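Q: run.pdb (PDB, C-alpha atoms, pLDDT in the B column) pasted underneath:
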ATOM      1  CA  ASP A 936      -7.079 -19.135  17.084  1.00 63.00           C
ATOM      2  CA  THR A 937      -3.773 -20.712  16.191  1.00 62.00           C
ATOM      3  CA  ALA A 938      -1.526 -17.981  14.871  1.00 90.00           C
ATOM      4  CA  VAL A 939       1.529 -15.824  15.193  1.00 94.00           C
ATOM      5  CA  SER A 940       0.736 -12.797  17.342  1.00 94.00           C
ATOM      6  CA  GLN A 941       2.688  -9.646  18.063  1.00 95.00           C
ATOM      7  CA  THR A 942       2.336  -6.879  20.621  1.00 95.00           C
ATOM      8  CA  PRO A 943       2.070  -3.986  20.447  1.00 96.00           C
ATOM      9  CA  LYS A 944       0.566  -3.320  17.044  1.00 93.00           C
ATOM     10  CA  TYR A 945       1.733   0.289  17.113  1.00 95.00           C
ATOM     11  CA  LEU A 946       4.668   1.736  19.030  1.00 97.00           C
ATOM     12  CA  VAL A 947       5.589   5.416  19.070  1.00 97.00           C
ATOM     13  CA  THR A 948       8.640   6.459  21.048  1.00 97.00           C
ATOM     14  CA  GLN A 949      11.438   9.003  21.315  1.00 97.00           C
ATOM     15  CA  MET A 950      14.951   8.658  20.018  1.00 97.00           C
ATOM     16  CA  GLY A 951      17.324   7.095  22.492  1.00 97.00           C
ATOM     17  CA  ASN A 952      14.700   4.995  24.260  1.00 97.00           C
ATOM     18  CA  ASP A 953      14.848   1.217  24.675  1.00 97.00           C
ATOM     19  CA  LYS A 954      11.805  -0.776  23.610  1.00 97.00           C
ATOM     20  CA  SER A 955      10.660  -4.366  23.144  1.00 97.00           C
ATOM     21  CA  ILE A 956       8.274  -6.058  20.752  1.00 97.00           C
ATOM     22  CA  LYS A 957       6.792  -9.380  21.765  1.00 97.00           C
ATOM     23  CA  CYS A 958       6.017 -12.319  19.504  1.00 97.00           C
ATOM     24  CA  GLU A 959       4.226 -15.525  20.329  1.00 96.00           C
ATOM     25  CA  GLN A 960       3.261 -18.488  18.193  1.00 95.00           C
ATOM     26  CA  ASN A 961       1.026 -21.368  19.208  1.00 93.00           C
ATOM     27  CA  LEU A 962       1.599 -23.420  16.067  1.00 90.00           C
ATOM     28  CA  GLY A 963       4.136 -25.747  17.646  1.00 88.00           C
ATOM     29  CA  HIS A 964       6.884 -24.354  15.422  1.00 88.00           C
ATOM     30  CA  ASP A 965      10.491 -24.529  16.468  1.00 86.00           C
ATOM     31  CA  THR A 966      11.988 -21.778  14.365  1.00 88.00           C
ATOM     32  CA  MET A 967      11.079 -18.110  14.636  1.00 91.00           C
ATOM     33  CA  TYR A 968      12.149 -15.043  12.695  1.00 91.00           C
ATOM     34  CA  TRP A 969      12.138 -11.279  12.739  1.00 94.00           C
ATOM     35  CA  TYR A 970      11.802  -9.249   9.539  1.00 94.00           C
ATOM     36  CA  LYS A 971      11.904  -5.501   8.936  1.00 95.00           C
ATOM     37  CA  GLN A 972       9.779  -3.803   6.290  1.00 93.00           C
ATOM     38  CA  ASP A 973      11.093  -0.375   5.445  1.00 88.00           C
ATOM     39  CA  SER A 974       9.295   2.677   4.077  1.00 82.00           C
ATOM     40  CA  LYS A 975       9.657   1.334   0.542  1.00 80.00           C
ATOM     41  CA  LYS A 976       7.818  -1.822   1.620  1.00 79.00           C
ATOM     42  CA  PHE A 977      10.891  -4.006   1.188  1.00 85.00           C
ATOM     43  CA  LEU A 978      11.037  -6.942   3.621  1.00 89.00           C
ATOM     44  CA  LYS A 979      14.380  -8.080   4.920  1.00 90.00           C
ATOM     45  CA  ILE A 980      15.361 -10.826   7.365  1.00 89.00           C
ATOM     46  CA  MET A 981      16.879  -9.686  10.657  1.00 91.00           C
ATOM     47  CA  PHE A 982      17.170 -12.902  12.660  1.00 88.00           C
ATOM     48  CA  SER A 983      16.247 -16.537  12.534  1.00 87.00           C
ATOM     49  CA  TYR A 984      16.301 -18.554  15.744  1.00 88.00           C
ATOM     50  CA  ASN A 985      15.586 -22.019  17.022  1.00 82.00           C
ATOM     51  CA  ASN A 986      16.633 -23.641  20.239  1.00 71.00           C
ATOM     52  CA  LYS A 987      19.968 -24.520  18.716  1.00 69.00           C
ATOM     53  CA  GLU A 988      21.160 -21.584  16.737  1.00 79.00           C
ATOM     54  CA  LEU A 989      20.714 -17.881  16.231  1.00 82.00           C
ATOM     55  CA  ILE A 990      21.501 -16.564  12.777  1.00 77.00           C
ATOM     56  CA  ILE A 991      21.929 -12.847  12.554  1.00 73.00           C
ATOM     57  CA  ASN A 992      21.856 -10.843   9.389  1.00 78.00           C
ATOM     58  CA  GLU A 993      25.180  -9.069   9.441  1.00 72.00           C
ATOM     59  CA  THR A 994      23.598  -5.745   8.494  1.00 84.00           C
ATOM     60  CA  VAL A 995      21.528  -5.618  11.694  1.00 89.00           C
ATOM     61  CA  PRO A 996      23.017  -3.233  14.312  1.00 91.00           C
ATOM     62  CA  ASN A 997      23.866  -4.805  17.650  1.00 91.00           C
ATOM     63  CA  ARG A 998      21.317  -2.473  19.252  1.00 95.00           C
ATOM     64  CA  PHE A 999      18.813  -5.110  18.136  1.00 95.00           C
ATOM     65  CA  SER A1000      18.728  -8.350  20.082  1.00 93.00           C
ATOM     66  CA  PRO A1001      16.282 -11.250  20.021  1.00 91.00           C
ATOM     67  CA  LYS A1002      15.391 -12.938  23.290  1.00 90.00           C
ATOM     68  CA  SER A1003      13.600 -16.265  23.477  1.00 89.00           C
ATOM     69  CA  PRO A1004      12.245 -17.265  26.901  1.00 88.00           C
ATOM     70  CA  ASP A1005      10.815 -20.468  25.395  1.00 88.00           C
ATOM     71  CA  LYS A1006      10.093 -22.092  22.042  1.00 87.00           C
ATOM     72  CA  ALA A1007       6.814 -20.236  21.602  1.00 92.00           C
ATOM     73  CA  HIS A1008       8.226 -16.752  22.071  1.00 93.00           C
ATOM     74  CA  LEU A1009      10.832 -14.608  20.360  1.00 94.00           C
ATOM     75  CA  ASN A1010      10.921 -11.029  21.571  1.00 95.00           C
ATOM     76  CA  LEU A1011      12.835  -8.223  19.889  1.00 96.00           C
ATOM     77  CA  HIS A1012      14.691  -5.750  22.086  1.00 96.00           C
ATOM     78  CA  ILE A1013      15.929  -2.500  20.624  1.00 97.00           C
ATOM     79  CA  ASN A1014      18.310  -0.222  22.518  1.00 96.00           C
ATOM     80  CA  SER A1015      19.015   3.444  21.872  1.00 97.00           C
ATOM     81  CA  LEU A1016      16.360   3.823  19.201  1.00 97.00           C
ATOM     82  CA  GLU A1017      17.194   5.910  16.138  1.00 96.00           C
ATOM     83  CA  LEU A1018      15.013   7.638  13.571  1.00 96.00           C
ATOM     84  CA  GLY A1019      16.040   5.083  10.951  1.00 94.00           C
ATOM     85  CA  ASP A1020      14.576   2.282  13.044  1.00 96.00           C
ATOM     86  CA  SER A1021      11.081   3.450  12.101  1.00 96.00           C
ATOM     87  CA  ALA A1022       9.550   0.581  10.125  1.00 96.00           C
ATOM     88  CA  VAL A1023       7.118  -2.275  10.392  1.00 95.00           C
ATOM     89  CA  TYR A1024       8.564  -5.323  12.142  1.00 97.00           C
ATOM     90  CA  PHE A1025       7.176  -8.760  11.392  1.00 95.00           C
ATOM     91  CA  CYS A1026       7.616 -11.923  13.378  1.00 95.00           C
ATOM     92  CA  ALA A1027       7.284 -15.296  11.657  1.00 93.00           C
ATOM     93  CA  SER A1028       7.599 -18.970  12.475  1.00 92.00           C
ATOM     94  CA  SER A1029       7.961 -22.243  10.657  1.00 88.00           C
ATOM     95  CA  ARG A1030       7.374 -25.920  11.426  1.00 80.00           C
ATOM     96  CA  PRO A1031       9.987 -28.285  12.760  1.00 61.00           C
ATOM     97  CA  SER A1032      12.189 -30.539  10.688  1.00 51.00           C
ATOM     98  CA  GLY A1033      13.802 -29.034   7.702  1.00 55.00           C
ATOM     99  CA  ARG A1034      14.112 -25.872   5.747  1.00 55.00           C
ATOM    100  CA  GLY A1035      11.413 -26.642   3.202  1.00 61.00           C
ATOM    101  CA  ASN A1036       8.638 -25.533   5.478  1.00 77.00           C
ATOM    102  CA  GLU A1037       6.229 -22.697   5.075  1.00 84.00           C
ATOM    103  CA  GLN A1038       6.658 -19.548   7.148  1.00 87.00           C
ATOM    104  CA  PHE A1039       3.683 -17.959   8.860  1.00 90.00           C
ATOM    105  CA  PHE A1040       3.724 -14.269   9.674  1.00 92.00           C
ATOM    106  CA  GLY A1041       2.371 -12.147  12.470  1.00 93.00           C
ATOM    107  CA  PRO A1042       0.346  -8.966  11.810  1.00 92.00           C
ATOM    108  CA  GLY A1043       3.331  -6.659  12.244  1.00 94.00           C
ATOM    109  CA  THR A1044       4.310  -3.903  14.660  1.00 96.00           C
ATOM    110  CA  ARG A1045       4.566  -0.392  13.269  1.00 95.00           C
ATOM    111  CA  LEU A1046       7.395   1.375  15.100  1.00 97.00           C
ATOM    112  CA  THR A1047       7.683   5.148  14.833  1.00 96.00           C
ATOM    113  CA  VAL A1048      10.699   6.861  16.347  1.00 97.00           C
ATOM    114  CA  LEU A1049      10.336  10.613  16.869  1.00 95.00           C
TER     115      LEU A1049
ATOM    116  CA  LYS B1439      23.929 -12.994  -2.839  1.00 79.00           C
ATOM    117  CA  GLN B1440      20.312 -13.808  -3.589  1.00 87.00           C
ATOM    118  CA  GLU B1441      18.273 -11.072  -5.258  1.00 91.00           C
ATOM    119  CA  VAL B1442      14.573 -11.374  -5.975  1.00 94.00           C
ATOM    120  CA  THR B1443      12.817  -9.180  -8.513  1.00 95.00           C
ATOM    121  CA  GLN B1444       9.124  -8.857  -9.286  1.00 96.00           C
ATOM    122  CA  ILE B1445       7.661  -7.463 -12.459  1.00 91.00           C
ATOM    123  CA  PRO B1446       5.527  -5.470 -12.902  1.00 91.00           C
ATOM    124  CA  ALA B1447       5.708  -3.255  -9.826  1.00 93.00           C
ATOM    125  CA  ALA B1448       2.049  -2.346 -10.250  1.00 96.00           C
ATOM    126  CA  LEU B1449      -0.780  -3.773 -12.294  1.00 96.00           C
ATOM    127  CA  SER B1450      -4.406  -2.719 -12.845  1.00 97.00           C
ATOM    128  CA  VAL B1451      -6.886  -5.050 -14.495  1.00 97.00           C
ATOM    129  CA  PRO B1452     -10.675  -5.089 -14.922  1.00 97.00           C
ATOM    130  CA  GLU B1453     -12.612  -7.592 -12.880  1.00 97.00           C
ATOM    131  CA  GLY B1454     -12.840 -11.039 -14.436  1.00 97.00           C
ATOM    132  CA  GLU B1455      -9.514 -10.969 -16.245  1.00 97.00           C
ATOM    133  CA  ASN B1456      -6.874 -13.621 -15.813  1.00 97.00           C
ATOM    134  CA  LEU B1457      -3.436 -12.279 -14.922  1.00 96.00           C
ATOM    135  CA  VAL B1458       0.158 -13.355 -14.330  1.00 96.00           C
ATOM    136  CA  LEU B1459       2.627 -11.974 -11.827  1.00 97.00           C
ATOM    137  CA  ASN B1460       6.322 -12.639 -12.349  1.00 97.00           C
ATOM    138  CA  CYS B1461       9.136 -13.321  -9.922  1.00 97.00           C
ATOM    139  CA  SER B1462      12.795 -13.943 -10.728  1.00 97.00           C
ATOM    140  CA  PHE B1463      15.720 -14.841  -8.499  1.00 96.00           C
ATOM    141  CA  THR B1464      19.453 -14.855  -9.122  1.00 95.00           C
ATOM    142  CA  ASP B1465      20.613 -17.926  -7.184  1.00 91.00           C
ATOM    143  CA  SER B1466      18.854 -21.171  -8.103  1.00 90.00           C
ATOM    144  CA  ALA B1467      20.060 -22.951  -4.937  1.00 89.00           C
ATOM    145  CA  ILE B1468      16.776 -22.542  -3.094  1.00 90.00           C
ATOM    146  CA  TYR B1469      14.784 -24.791  -0.771  1.00 89.00           C
ATOM    147  CA  ASN B1470      11.408 -23.391  -1.727  1.00 91.00           C
ATOM    148  CA  LEU B1471       9.522 -20.370  -3.019  1.00 94.00           C
ATOM    149  CA  GLN B1472       6.558 -18.834  -1.251  1.00 94.00           C
ATOM    150  CA  TRP B1473       3.931 -16.397  -2.546  1.00 96.00           C
ATOM    151  CA  PHE B1474       2.264 -14.002  -0.106  1.00 95.00           C
ATOM    152  CA  ARG B1475      -0.332 -11.296  -0.266  1.00 96.00           C
ATOM    153  CA  GLN B1476      -0.196  -8.183   1.870  1.00 93.00           C
ATOM    154  CA  ASP B1477      -3.180  -5.896   2.299  1.00 91.00           C
ATOM    155  CA  PRO B1478      -2.513  -2.215   3.138  1.00 85.00           C
ATOM    156  CA  GLY B1479      -1.433  -1.846   6.747  1.00 80.00           C
ATOM    157  CA  LYS B1480      -1.719  -5.584   7.339  1.00 83.00           C
ATOM    158  CA  GLY B1481       0.534  -8.573   7.760  1.00 86.00           C
ATOM    159  CA  LEU B1482       1.448 -11.218   5.209  1.00 91.00           C
ATOM    160  CA  THR B1483      -0.848 -14.053   4.246  1.00 92.00           C
ATOM    161  CA  SER B1484       0.800 -17.112   2.765  1.00 92.00           C
ATOM    162  CA  LEU B1485      -0.839 -18.148  -0.519  1.00 95.00           C
ATOM    163  CA  LEU B1486       1.259 -20.957  -1.948  1.00 95.00           C
ATOM    164  CA  LEU B1487       4.483 -22.748  -1.170  1.00 92.00           C
ATOM    165  CA  ILE B1488       6.423 -24.566  -3.896  1.00 93.00           C
ATOM    166  CA  GLN B1489       9.245 -26.860  -2.877  1.00 91.00           C
ATOM    167  CA  SER B1490      12.400 -26.783  -4.988  1.00 91.00           C
ATOM    168  CA  SER B1491      11.540 -30.236  -6.385  1.00 91.00           C
ATOM    169  CA  GLN B1492       8.074 -29.173  -7.532  1.00 93.00           C
ATOM    170  CA  ARG B1493       6.974 -27.436 -10.722  1.00 95.00           C
ATOM    171  CA  GLU B1494       3.673 -25.968  -9.613  1.00 95.00           C
ATOM    172  CA  GLN B1495       1.081 -25.614  -6.880  1.00 94.00           C
ATOM    173  CA  THR B1496      -2.587 -24.760  -7.098  1.00 95.00           C
ATOM    174  CA  SER B1497      -5.027 -23.320  -4.601  1.00 94.00           C
ATOM    175  CA  GLY B1498      -8.456 -22.316  -5.843  1.00 96.00           C
ATOM    176  CA  ARG B1499      -8.059 -19.620  -8.498  1.00 97.00           C
ATOM    177  CA  LEU B1500      -4.326 -19.384  -7.872  1.00 97.00           C
ATOM    178  CA  ASN B1501      -1.633 -21.358  -9.644  1.00 97.00           C
ATOM    179  CA  ALA B1502       2.057 -20.862  -9.003  1.00 97.00           C
ATOM    180  CA  SER B1503       4.814 -22.330 -11.147  1.00 97.00           C
ATOM    181  CA  LEU B1504       8.505 -22.701 -10.488  1.00 97.00           C
ATOM    182  CA  ASP B1505      11.372 -23.068 -12.957  1.00 96.00           C
ATOM    183  CA  LYS B1506      14.333 -23.323 -10.641  1.00 93.00           C
ATOM    184  CA  SER B1507      16.975 -23.667 -13.317  1.00 92.00           C
ATOM    185  CA  SER B1508      15.993 -20.387 -14.939  1.00 95.00           C
ATOM    186  CA  GLY B1509      15.299 -18.660 -11.631  1.00 96.00           C
ATOM    187  CA  ARG B1510      11.657 -17.853 -12.347  1.00 97.00           C
ATOM    188  CA  SER B1511       8.239 -18.242 -10.824  1.00 97.00           C
ATOM    189  CA  THR B1512       4.831 -17.043 -11.903  1.00 97.00           C
ATOM    190  CA  LEU B1513       1.609 -16.579  -9.999  1.00 97.00           C
ATOM    191  CA  TYR B1514      -1.469 -16.994 -12.170  1.00 97.00           C
ATOM    192  CA  ILE B1515      -4.749 -15.577 -10.884  1.00 97.00           C
ATOM    193  CA  ALA B1516      -7.849 -16.673 -12.743  1.00 97.00           C
ATOM    194  CA  ALA B1517     -11.071 -14.656 -13.002  1.00 97.00           C
ATOM    195  CA  SER B1518      -9.754 -11.782 -10.885  1.00 97.00           C
ATOM    196  CA  GLN B1519     -12.023 -10.138  -8.302  1.00 97.00           C
ATOM    197  CA  PRO B1520     -11.840  -6.755  -6.539  1.00 97.00           C
ATOM    198  CA  GLY B1521     -11.019  -8.643  -3.346  1.00 96.00           C
ATOM    199  CA  ASP B1522      -7.790  -9.804  -4.985  1.00 97.00           C
ATOM    200  CA  SER B1523      -6.477  -6.229  -4.822  1.00 97.00           C
ATOM    201  CA  ALA B1524      -3.357  -6.292  -2.657  1.00 97.00           C
ATOM    202  CA  THR B1525       0.409  -6.388  -2.905  1.00 96.00           C
ATOM    203  CA  TYR B1526       1.758  -9.785  -3.895  1.00 97.00           C
ATOM    204  CA  LEU B1527       5.187 -10.793  -2.671  1.00 96.00           C
ATOM    205  CA  CYS B1528       7.330 -13.724  -3.648  1.00 96.00           C
ATOM    206  CA  ALA B1529      10.105 -14.980  -1.410  1.00 94.00           C
ATOM    207  CA  VAL B1530      12.749 -17.677  -1.821  1.00 93.00           C
ATOM    208  CA  ARG B1531      14.151 -19.713   1.026  1.00 87.00           C
ATOM    209  CA  THR B1532      17.862 -20.379   0.992  1.00 81.00           C
ATOM    210  CA  GLY B1533      20.293 -22.468   2.976  1.00 70.00           C
ATOM    211  CA  ALA B1534      20.631 -19.671   5.498  1.00 61.00           C
ATOM    212  CA  ASN B1535      17.141 -20.625   6.708  1.00 64.00           C
ATOM    213  CA  ASN B1536      15.502 -17.346   5.892  1.00 71.00           C
ATOM    214  CA  LEU B1537      13.400 -15.804   3.167  1.00 83.00           C
ATOM    215  CA  PHE B1538      14.614 -13.317   0.571  1.00 90.00           C
ATOM    216  CA  PHE B1539      11.704 -11.189  -0.530  1.00 93.00           C
ATOM    217  CA  GLY B1540      10.964  -9.532  -3.829  1.00 94.00           C
ATOM    218  CA  THR B1541       9.880  -5.941  -4.097  1.00 89.00           C
ATOM    219  CA  GLY B1542       6.246  -6.865  -4.660  1.00 94.00           C
ATOM    220  CA  THR B1543       3.566  -6.272  -7.290  1.00 96.00           C
ATOM    221  CA  ARG B1544       0.690  -4.004  -6.294  1.00 96.00           C
ATOM    222  CA  LEU B1545      -2.447  -5.381  -7.946  1.00 97.00           C
ATOM    223  CA  THR B1546      -5.641  -3.396  -8.395  1.00 97.00           C
ATOM    224  CA  VAL B1547      -8.711  -5.164  -9.752  1.00 97.00           C
ATOM    225  CA  ILE B1548     -11.217  -2.634 -11.031  1.00 97.00           C
ATOM    226  CA  PRO B1549     -14.911  -3.521 -10.557  1.00 95.00           C
TER     227      PRO B1549
END
Would you mind writing the structure in this file as structure tokens?

A:
Amino acid sequence: DTAVSQTPKYLVTQMGNDKSIKCEQNLGHDTMYWYKQDSKKFLKIMFSYNNKELIINETVPNRFSPKSPDKAHLNLHINSLELGDSAVYFCASSRPSGRGNEQFFGPGTRLTVL
Amino acid sequence: KQEVTQIPAALSVPEGENLVLNCSFTDSAIYNLQWFRQDPGKGLTSLLLIQSSQREQTSGRLNASLDKSSGRSTLYIAASQPGDSATYLCAVRTGANNLFFGTGTRLTVIP
């Protein structure tokens, strides 16, 4: 199936650990995103990235870093995990050429920090 | 700073009713507006995308309108079904190339 996929679906870890969430899209999109959905179900942009620019939401701690090995992947690395990082993280992508294009979302990764 | 608000926060209707969900945004300088549904514990499914130059979009029983100048959008669902029960999110896309999401409306359609 053509889609945006994320792994793992669930991630439970201890405070202070470093973890990664992987995202892949096979839609031929050139822009990918990471969003965080907090306990109140509010979705907020963390990063948007294409092969030319990375835009970071200024409220995102620098413990979070996106890494893109190629156009189809945008992984999220989190260092020194904190309790407040517990949330659902969504990856998304959109088509090339322009900012009027629809975003497609992955199924989410539920991160629990103990 | 863009802020997106959805009213009501929750809505329960009997099956078969038509209903309207509301979305408002503070900055009219948007590229587009997108409506999503999110089922409990699931990801987001895109329902409709309206470009800033458009007034409405239709898909099956869904119709979304956009009034950019007043900062408002509505999602109309005709002949609601229990399977329509979900949280509906609207999001506006700005020049920063990302989506600003509303707080969502949790819809329950009662059989």

Q: Please report, as JSON lines, each residue of stretch 942-989 of chain A lying at most 12 Å from stretch 1458-1478 of chain B, together with the nearest pair of atoms and the separation in Å rounded to one decimal; use all atoms listed in the file, and order rows by chain and ascending residue number.

A:
{"residue": "A:Gln972", "atom": "CA", "partner": "B:Gln1476", "partner_atom": "CA", "distance": 11.8}
{"residue": "A:Lys976", "atom": "CA", "partner": "B:Gln1476", "partner_atom": "CA", "distance": 10.2}
{"residue": "A:Phe977", "atom": "CA", "partner": "B:Gln1476", "partner_atom": "CA", "distance": 11.9}
{"residue": "A:Leu978", "atom": "CA", "partner": "B:Gln1476", "partner_atom": "CA", "distance": 11.4}

Q: Selection in question (the file shown): the ChimeraX specification (/B :<12) & /A. Which residues does it include, as a compact mmCIF listing (two decimals) with C-alpha atoms, in the coordinates of the input?

A:
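So the final result, stored in out-v2.txt, reads:
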# COMPACT_ATOMS: atom_id res chain seq x y z
CA ALA A 938 -1.53 -17.98 14.87
CA VAL A 939 1.53 -15.82 15.19
CA SER A 940 0.74 -12.80 17.34
CA GLN A 941 2.69 -9.65 18.06
CA LYS A 944 0.57 -3.32 17.04
CA TYR A 945 1.73 0.29 17.11
CA THR A 966 11.99 -21.78 14.36
CA MET A 967 11.08 -18.11 14.64
CA TYR A 968 12.15 -15.04 12.70
CA TRP A 969 12.14 -11.28 12.74
CA TYR A 970 11.80 -9.25 9.54
CA LYS A 971 11.90 -5.50 8.94
CA GLN A 972 9.78 -3.80 6.29
CA ASP A 973 11.09 -0.38 5.44
CA SER A 974 9.30 2.68 4.08
CA LYS A 975 9.66 1.33 0.54
CA LYS A 976 7.82 -1.82 1.62
CA PHE A 977 10.89 -4.01 1.19
CA LEU A 978 11.04 -6.94 3.62
CA LYS A 979 14.38 -8.08 4.92
CA ILE A 980 15.36 -10.83 7.36
CA MET A 981 16.88 -9.69 10.66
CA PHE A 982 17.17 -12.90 12.66
CA SER A 983 16.25 -16.54 12.53
CA TYR A 984 16.30 -18.55 15.74
CA ASN A 985 15.59 -22.02 17.02
CA GLU A 988 21.16 -21.58 16.74
CA LEU A 989 20.71 -17.88 16.23
CA ILE A 990 21.50 -16.56 12.78
CA ILE A 991 21.93 -12.85 12.55
CA ASN A 992 21.86 -10.84 9.39
CA ALA A 1022 9.55 0.58 10.12
CA VAL A 1023 7.12 -2.28 10.39
CA TYR A 1024 8.56 -5.32 12.14
CA PHE A 1025 7.18 -8.76 11.39
CA CYS A 1026 7.62 -11.92 13.38
CA ALA A 1027 7.28 -15.30 11.66
CA SER A 1028 7.60 -18.97 12.48
CA SER A 1029 7.96 -22.24 10.66
CA SER A 1032 12.19 -30.54 10.69
CA GLY A 1033 13.80 -29.03 7.70
CA ARG A 1034 14.11 -25.87 5.75
CA GLY A 1035 11.41 -26.64 3.20
CA ASN A 1036 8.64 -25.53 5.48
CA GLU A 1037 6.23 -22.70 5.08
CA GLN A 1038 6.66 -19.55 7.15
CA PHE A 1039 3.68 -17.96 8.86
CA PHE A 1040 3.72 -14.27 9.67
CA GLY A 1041 2.37 -12.15 12.47
CA PRO A 1042 0.35 -8.97 11.81
CA GLY A 1043 3.33 -6.66 12.24
CA THR A 1044 4.31 -3.90 14.66
CA ARG A 1045 4.57 -0.39 13.27

Q: For the provided coordinates, the residues matched by the PyMOL selection byres ((chain B and resi 1518) around 12) should be stated as a VMD selection string.

A: chain B and resid 1450 to 1458 1498 to 1500 1514 to 1517 1519 to 1524 1545 to 1549

Q: At what distance in Å, to one decimal, does atom CA of A:Val1048 lie from atom CA of A:Gly1019?

A: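 Between atom CA of A:Gly1019 and atom CA of A:Val1048 the gap is 7.8 Å.
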
Q: Just the number, please: distance in Å from atom CA of B:Gln1495 to atom CA of B:Gly1509, one decimal.

A: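 For atom CA of B:Gln1495 relative to atom CA of B:Gly1509, the distance reads 16.5 Å.
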
Q: For atom CA of A:Arg998 and atom CA of A:Asn1010, quote the distance in Å rounded to one decimal.

A: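 Atom CA of A:Arg998 sits 13.7 Å away from atom CA of A:Asn1010.
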
Q: May I have the centre and edge lengths, in Å to one decimal, of an axis-aligned box around the listed atoms of stretch 1457-1474 of chain B with 5 Å added to every side, as AutoDock Vina command-line options?

A:
--center_x 8.6 --center_y -18.4 --center_z -7.5 --size_x 34.0 --size_y 22.8 --size_z 24.8
